[in-house]
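**Q** Dropping the structure in here first, questions after.
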Amino acid sequence: MSTQGKSDLPLEAYWMPYTANRQFKADPRIIVAAKDVWFTDDKGRQILDGHSGLWTSGLGHGQEAITKAVADQIQLLDFCPPFQFGHPTAFKLADRVLQLMPGNLSHVFFTNSGSESADTSLKMARAYWQLKGRSGKTRFIGRQKGYHGVNYGGTAVGGIAANRRVFGESLQVDHLRHTLLTENKFCRGMPESGAYLAEELAELIALHDASTIAAVILEPMAGSAGVIPPPVGYLQRIRELCDAHEILLIFDEVITGLGRCGAYTGAAAFGVNPDILNLAKQITNGAVPMGAVIVAPDIYNTFMDNGGPNHVLEFAHGYTYSGHPVACAAGLAALELLVEGQWPERVARESSFFESNLHDTLSEKPYVTDVRNFGFAGALTLEPYKKDPLKRPFEVAMKMWEKGFLVRYGGDTIQLAPHFVMARKQITSLIEALGDSLREIAD
Ligand SMILES: Cc1ncc(COP(=O)(O)O)c(C=O)c1O
């Protein structure tokens with residue numbers, strides 16, 4: 001079925017985010033409704049959502065419990081100033097989030113997005129060392145191919161070149177090498193090889209001195225760069241080095257948090273606990289914007305103990321919409337569904353089905369130079385098209401859209417993120433359609 005056709009919408013005014021605006025407006029892909037694992041487009045077609053929205057909606061779209069919680073909350077209390085006032089749902093949600101967090105993480109700071117979580121966590125880390133009397137500890141260590149959103153801090157610690165190029169320098173940052181190794185191509189799950197790359201942190205510490213480093217920030221598994229699971233032992237070694245040199249470890253779990261890795265956090269899935277853990281996306285199942293930064297007791301207590309008189313605020317930071325009542329209501333309902341349905345457990349159980357289907361069906365398809373996966377996250381790397389690495393993934397994703405499937409394309413990768421609730425036959429049809437699309441663009 002042709003997806004082409006004029007739209008009646010006034011397309012020009014809206015400057016779309018992370019979108020090739022000129023291409024989109026020439027050939028728009030308009031989504032008008034969503035239910036469970038399906039989108040409906042403006043031509044009335046049913047589109048299988050192969051990316052859980054944007055890693056957001058693992059429970060499936062249009063969950064009634066969330067919709068109802070949102071409607072009830074907005075009628076009861078549509079807004080509450082979050083500075084110096086509070087409302088019940090924010091306290092309840094913070095408490096609920098903590099029950100799902102690893103290690104001794106003890107306090108939750110609400111934001112509205114993954115980008116705000118990244119910048120909040122970086123500001124917390126710097127302020128923490130300042131309050132500890134270690135004001136030289138200001139530098140951050142990120143990692144190549146890392147993604148921490150689009151605000152200035154997150155852009156600086158991020159490691160995807162295209163996201164940094166035109167914005168100039170801001171923070172003092174150095175980067176670890178990424179862990180996408182040739183020797184691990186077509187690896188199923190976590191690669192056995194690559195823990196040695198963690199030693200680069202020791203080298204950066206030797207170079208800059210621990211007295212200048214505030215924190216290391218990593219996605220436990222890189223998502224946006226195309227699903228790069230950590231090598232076995234890598235995160236453990238990073239943790240050891242941070243402990244030995246008094247450097248905070250921040251895990252950006254905006255994708256890995258709340259089920260995607262078959263556990264409530266990537267930290268739990270990979271067995272390493274951070275000092276600060278960032279969430280967003282899945283916290284409300286994508287229904288309302290929200291993010292959160294969860295910290296260890298020592299961090300919270302350092303702010304409280306150094307806050308001065310009781311009427312003085314301890315951390316000069318927060319957003320007008322931090323802990324918004326509607327987002328909190330959506331969050332409480334979404335976490336209830338996540339826990340009641342034992343969806344992270346299902347992801348853990350079904351991930352081997354996803355893994356074998358993905359590798360067995362796609363490894364030999366045209367242009368596929370790598371396949372990677374962990375939990376309900378998978379990616380293909382595609383051979384560059386006439387020196388343009390971006391074009392082939394775009395062509396494949398457009399072919400998928402034509403066939404009635406939504407997948408994400410980014411850089412030289414195609415990314416899949418099935419809903420936690422997606423049935424086996426839907427996962428199979430998604431992967432088979434991807435195989436057909438690769439064959440068709442090769443013809
Ligand atoms: C690991 C990570 N951090 C931060 C972000 C930014 O989140 P947002 O787009 O909600 O600002 C993302 C978004 O994909 C992400 O994957």
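Letters for chains follow the order of the structure tokens (A, B, ...), residue numbers begin at 1 for each chain, and ligand numbers begin at 1 in the order shown.
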Please identify every polymer residue within 7 Å of ligand 1, using only C-alpha atoms and all ligand atoms, and present the set as a JSON list (two decimals) with C-alpha atoms, in the first residue's frame.
**A**
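The resulting file, selection24.json, is reproduced below:
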[["chain", "number", "residue", "atom", "x", "y", "z"],
["A", 113, "SER", "CA", 13.10, 14.22, 30.67],
["A", 114, "GLY", "CA", 16.24, 12.21, 30.26],
["A", 115, "SER", "CA", 18.17, 15.31, 29.26],
["A", 116, "GLU", "CA", 17.13, 17.09, 32.44],
["A", 118, "ALA", "CA", 21.55, 14.05, 32.86],
["A", 147, "TYR", "CA", 24.02, 9.52, 24.75],
["A", 148, "HIS", "CA", 22.88, 11.66, 27.66],
["A", 149, "GLY", "CA", 20.34, 13.88, 25.99],
["A", 150, "VAL", "CA", 20.62, 17.29, 24.44],
["A", 219, "GLU", "CA", 24.82, 4.19, 30.04],
["A", 222, "ALA", "CA", 24.51, 2.15, 25.25],
["A", 223, "GLY", "CA", 21.11, 2.51, 23.60],
["A", 224, "SER", "CA", 20.92, 5.37, 21.12],
["A", 252, "ASP", "CA", 22.19, 6.94, 32.80],
["A", 253, "GLU", "CA", 19.37, 4.40, 32.79],
["A", 254, "VAL", "CA", 16.93, 6.38, 30.68],
["A", 255, "ILE", "CA", 16.68, 3.37, 28.35],
["A", 280, "ALA", "CA", 12.94, 8.89, 32.29],
["A", 281, "LYS", "CA", 10.93, 7.32, 29.43]]
**Q** Please provide the set of residues having any atom within 10 Å of segment 311-324 of chain A, restricted to only C-alpha atoms, with same-chain residues fewer than 5 positions apart removed, written as a compact mmCIF listing (two decimals) with C-alpha atoms, in the first residue's frame.
**A**
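Generated output (part07.txt):
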# COMPACT_ATOMS: atom_id res chain seq x y z
CA LEU A 77 -5.07 18.87 41.18
CA ASP A 78 -3.79 20.04 37.81
CA PHE A 79 -0.72 21.81 39.16
CA CYS A 80 1.10 22.33 42.42
CA PRO A 81 4.13 24.61 42.74
CA PRO A 82 7.00 22.19 43.40
CA PHE A 83 9.21 24.80 45.06
CA GLN A 84 8.41 25.04 48.79
CA GLY A 86 4.30 19.51 47.83
CA HIS A 87 1.44 17.21 46.87
CA THR A 89 1.41 11.86 44.63
CA ALA A 90 5.02 13.06 44.31
CA PHE A 91 5.97 11.60 47.70
CA LEU A 93 5.88 8.01 43.54
CA ALA A 94 9.35 8.74 44.96
CA PHE A 109 14.75 14.14 42.47
CA PHE A 110 12.14 14.57 39.72
CA THR A 111 12.83 16.06 36.30
CA ASN A 112 10.81 16.09 33.06
CA SER A 113 13.10 14.22 30.67
CA GLU A 116 17.13 17.09 32.44
CA THR A 120 20.69 17.40 37.11
CA LYS A 123 25.18 19.43 38.74
CA MET A 124 24.58 17.25 41.79
CA ALA A 127 27.92 20.50 44.02
CA TYR A 128 28.48 17.39 46.15
CA VAL A 288 3.46 12.03 30.31
CA PRO A 289 6.96 13.56 30.25
CA MET A 290 8.92 12.75 33.39
CA GLY A 291 12.42 11.91 34.56
CA ALA A 292 14.10 11.15 37.88
CA TYR A 300 21.52 13.53 49.87
CA THR A 302 25.87 15.94 52.24
CA PHE A 303 23.41 18.49 50.85
CA MET A 304 21.23 18.39 53.99
CA ASP A 305 24.17 18.60 56.41
CA ASN A 306 25.63 21.59 54.62
CA ALA A 329 -0.08 9.95 38.77
CA ALA A 330 0.92 8.42 35.44
CA GLY A 331 4.15 7.17 37.03
**Q** Quick one: residues within 6 Å of Lys145 of chain A, only C-alpha atoms, excluding same-chain residues fewer than 6 positions away - as a list in words?
**A** Gly159, Ile160 and Ala225 of chain A
**Q** Excluding segment 367-377 of chain A and its own-chain neighbours fewer than 2 positions away, which residues fall within 7 Å of it when counting only C-alpha atoms? Please give them as a PyMOL selection string.
**A** chain A and resi 185-189+227-229+260-262+347-348+351+355+359+363-365+379-383+416-418
**Q** Using Å and a single decimal, report how far atom CA of Glu246 of chain A sits from atom CA of Arg139 of chain A.
**A**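 Taking atom CA of Arg139 of chain A and atom CA of Glu246 of chain A, their separation equals 12.9 Å.
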**Q** Name all residues at most 8 Å from Leu332 of chain A (count only C-alpha atoms; drop same-chain ones fewer than 4 positions away) and give them as a PyMOL selection string.
**A** chain A and resi 89+92-93+96+284+328+336
**Q** Just write the chosen residues, N, CA and C atoms, as a compact mmCIF listing (two decimals), in the first residue's frame.
**A**
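Saved the output as selection20.txt:
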# COMPACT_ATOMS: atom_id res chain seq x y z
N THR A 89 1.01 12.84 45.64
CA THR A 89 1.41 11.86 44.63
C THR A 89 2.92 11.86 44.40
N LYS A 92 4.50 9.78 47.12
CA LYS A 92 4.19 8.35 46.92
C LYS A 92 5.01 7.77 45.77
N LEU A 93 5.14 8.55 44.69
CA LEU A 93 5.88 8.01 43.54
C LEU A 93 7.37 7.85 43.89
N ARG A 96 7.76 4.77 45.74
CA ARG A 96 7.54 3.59 44.89
C ARG A 96 8.76 3.33 44.00
N THR A 284 6.75 6.68 33.15
CA THR A 284 5.29 6.88 32.98
C THR A 284 4.77 6.07 31.80
N CYS A 328 3.24 12.40 37.97
CA CYS A 328 3.37 11.49 39.12
C CYS A 328 2.25 10.46 39.13
N GLU A 336 2.84 0.46 38.90
CA GLU A 336 1.95 -0.58 39.42
C GLU A 336 1.75 -1.67 38.37
**Q** Could you tell me how far atom CA of Gly233 of chain A sits from atom CA of His107 of chain A, in Å to one decimal place?
**A**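 Taking atom CA of His107 of chain A as the start and atom CA of Gly233 of chain A as the end point, the length is 27.8 Å.
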**Q** Considering only strand (DSSP E or B) as DSSP defines it on the backbone, what residues of segment 81-309 of chain A qualify? List them as a PyMOL selection string.
**A** chain A and resi 107-111+139-143+173-176+213-218+222+228+248-252+276-279+291-295
**Q** Go ahead and write the residues just picked, N, CA and C atoms, as a compact mmCIF listing (two decimals), in the first residue's frame.
**A**
# COMPACT_ATOMS: atom_id res chain seq x y z
N HIS A 107 17.14 8.55 47.63
CA HIS A 107 16.33 9.76 47.44
C HIS A 107 16.14 10.05 45.96
N VAL A 108 14.96 10.57 45.64
CA VAL A 108 14.56 10.75 44.24
C VAL A 108 14.32 12.23 43.95
N PHE A 109 14.96 12.76 42.92
CA PHE A 109 14.75 14.14 42.47
C PHE A 109 14.05 14.06 41.12
N PHE A 110 12.89 14.70 40.98
CA PHE A 110 12.14 14.57 39.72
C PHE A 110 12.54 15.64 38.70
N THR A 111 12.59 15.18 37.45
CA THR A 111 12.83 16.06 36.30
C THR A 111 11.71 15.77 35.29
N ARG A 139 35.73 17.85 36.79
CA ARG A 139 35.78 17.23 35.45
C ARG A 139 34.86 16.00 35.39
N PHE A 140 34.33 15.73 34.20
CA PHE A 140 33.52 14.53 34.01
C PHE A 140 34.18 13.61 32.99
N ILE A 141 33.93 12.33 33.18
CA ILE A 141 34.36 11.34 32.19
C ILE A 141 33.12 10.69 31.60
N GLY A 142 32.95 10.87 30.28
CA GLY A 142 31.88 10.18 29.56
C GLY A 142 32.47 9.05 28.74
N ARG A 143 31.75 8.64 27.72
CA ARG A 143 32.27 7.55 26.89
C ARG A 143 31.85 7.80 25.44
N VAL A 173 35.50 17.78 29.93
CA VAL A 173 35.13 16.36 29.83
C VAL A 173 36.21 15.60 29.10
N ASP A 174 36.43 14.37 29.52
CA ASP A 174 37.21 13.44 28.70
C ASP A 174 36.34 12.20 28.49
N HIS A 175 36.71 11.42 27.50
CA HIS A 175 35.85 10.28 27.14
C HIS A 175 36.63 8.97 27.14
N LEU A 176 36.00 7.94 27.68
CA LEU A 176 36.50 6.58 27.51
C LEU A 176 36.21 6.12 26.09
N ILE A 213 38.45 15.08 39.11
CA ILE A 213 37.36 14.37 38.46
C ILE A 213 36.16 14.21 39.41
N ALA A 214 35.02 14.72 38.99
CA ALA A 214 33.81 14.63 39.82
C ALA A 214 33.11 13.29 39.64
N ALA A 215 32.94 12.88 38.39
CA ALA A 215 32.11 11.69 38.15
C ALA A 215 32.38 11.09 36.78
N VAL A 216 32.08 9.81 36.72
CA VAL A 216 32.02 9.09 35.44
C VAL A 216 30.54 8.90 35.14
N ILE A 217 30.13 9.20 33.93
CA ILE A 217 28.73 8.97 33.55
C ILE A 217 28.69 8.02 32.35
N LEU A 218 27.91 6.96 32.51
CA LEU A 218 27.81 5.92 31.47
C LEU A 218 26.38 5.44 31.36
N ALA A 222 24.81 1.01 26.14
CA ALA A 222 24.51 2.15 25.25
C ALA A 222 23.28 1.82 24.41
N ILE A 228 24.65 -1.34 22.63
CA ILE A 228 26.00 -1.88 22.85
C ILE A 228 26.06 -2.40 24.30
N LEU A 248 32.49 9.72 41.68
CA LEU A 248 31.10 9.25 41.65
C LEU A 248 30.83 8.52 40.33
N LEU A 249 29.99 7.49 40.41
CA LEU A 249 29.59 6.76 39.20
C LEU A 249 28.10 7.01 38.95
N ILE A 250 27.82 7.62 37.80
CA ILE A 250 26.43 7.92 37.41
C ILE A 250 26.03 6.93 36.32
N PHE A 251 24.95 6.22 36.52
CA PHE A 251 24.40 5.39 35.44
C PHE A 251 23.23 6.13 34.82
N ASP A 252 23.32 6.36 33.53
CA ASP A 252 22.19 6.94 32.80
C ASP A 252 21.33 5.77 32.33
N ILE A 276 24.58 7.41 41.52
CA ILE A 276 23.45 8.20 41.02
C ILE A 276 22.88 7.45 39.82
N LEU A 277 21.56 7.35 39.75
CA LEU A 277 20.93 6.60 38.66
C LEU A 277 19.84 7.48 38.03
N ASN A 278 19.92 7.65 36.72
CA ASN A 278 18.97 8.52 36.01
C ASN A 278 17.90 7.70 35.29
N LEU A 279 16.66 8.15 35.43
CA LEU A 279 15.54 7.50 34.73
C LEU A 279 14.79 8.55 33.91
N GLY A 291 11.14 12.56 34.32
CA GLY A 291 12.42 11.91 34.56
C GLY A 291 12.70 11.91 36.04
N ALA A 292 13.75 11.20 36.45
CA ALA A 292 14.10 11.15 37.88
C ALA A 292 15.59 10.89 38.02
N VAL A 293 16.15 11.45 39.08
CA VAL A 293 17.55 11.19 39.44
C VAL A 293 17.53 10.63 40.85
N ILE A 294 18.10 9.45 41.01
CA ILE A 294 18.02 8.77 42.31
C ILE A 294 19.43 8.68 42.86
N VAL A 295 19.60 9.08 44.11
CA VAL A 295 20.96 9.21 44.66
C VAL A 295 21.16 8.37 45.92
**Q** So that I can check the surroundings of segment 30-37 of chain A, please list as a ChimeraX atom specification every protein, DNA and RNA residue that reaches within 6 Å of it, counting only C-alpha atoms and ignoring chain neighbours fewer than 5 positions away.
**A** /A:42,49,60-62
**Q** Can you list, as a PyMOL selection string, every protein, DNA or RNA residue that comes within 6 Å of segment 419-425 of chain A when you count only C-alpha atoms, leaving out same-chain residues fewer than 6 positions away?
**A** chain A and resi 52+58-59+347
**Q** Just checking: using only C-alpha atoms, which residue out of A:Ala334, A:Ala268, A:Leu11, A:Ala202 ends up closest to Glu64 of chain A?
**A** A:Ala334
**Q** State, in Å with one decimal place, the distance from atom CA of Ser117 of chain A to atom CA of Ala263 of chain A.
**A**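 The value is 20.6 Å.
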**Q** I need the residues of segment 33-176 of chain A that end up classed as helix (DSSP H, G or I) by DSSP on the backbone, written out as a PyMOL selection string.
**A** chain A and resi 52-55+64-76+88-99+114-131+152-157+161-164
**Q** For segment 352-424 of chain A versus segment 429-437 of chain A, which residues have an atom no more than 7 Å away, and what is each residue's nearest atom pair and distance in Å rounded to one decimal, using only C-alpha atoms, chain-then-number order, as CSV?
**A**
residue,atom,partner,partner_atom,distance
A:Leu358,CA,A:Ile431,CA,6.4
A:Thr361,CA,A:Gly435,CA,6.8
A:Leu362,CA,A:Gly435,CA,5.8
A:Lys365,CA,A:Gly435,CA,6.4
A:Val396,CA,A:Ser437,CA,6.0
A:Lys399,CA,A:Ser437,CA,5.8
A:Met400,CA,A:Ser437,CA,6.3
A:Phe405,CA,A:Leu430,CA,6.9
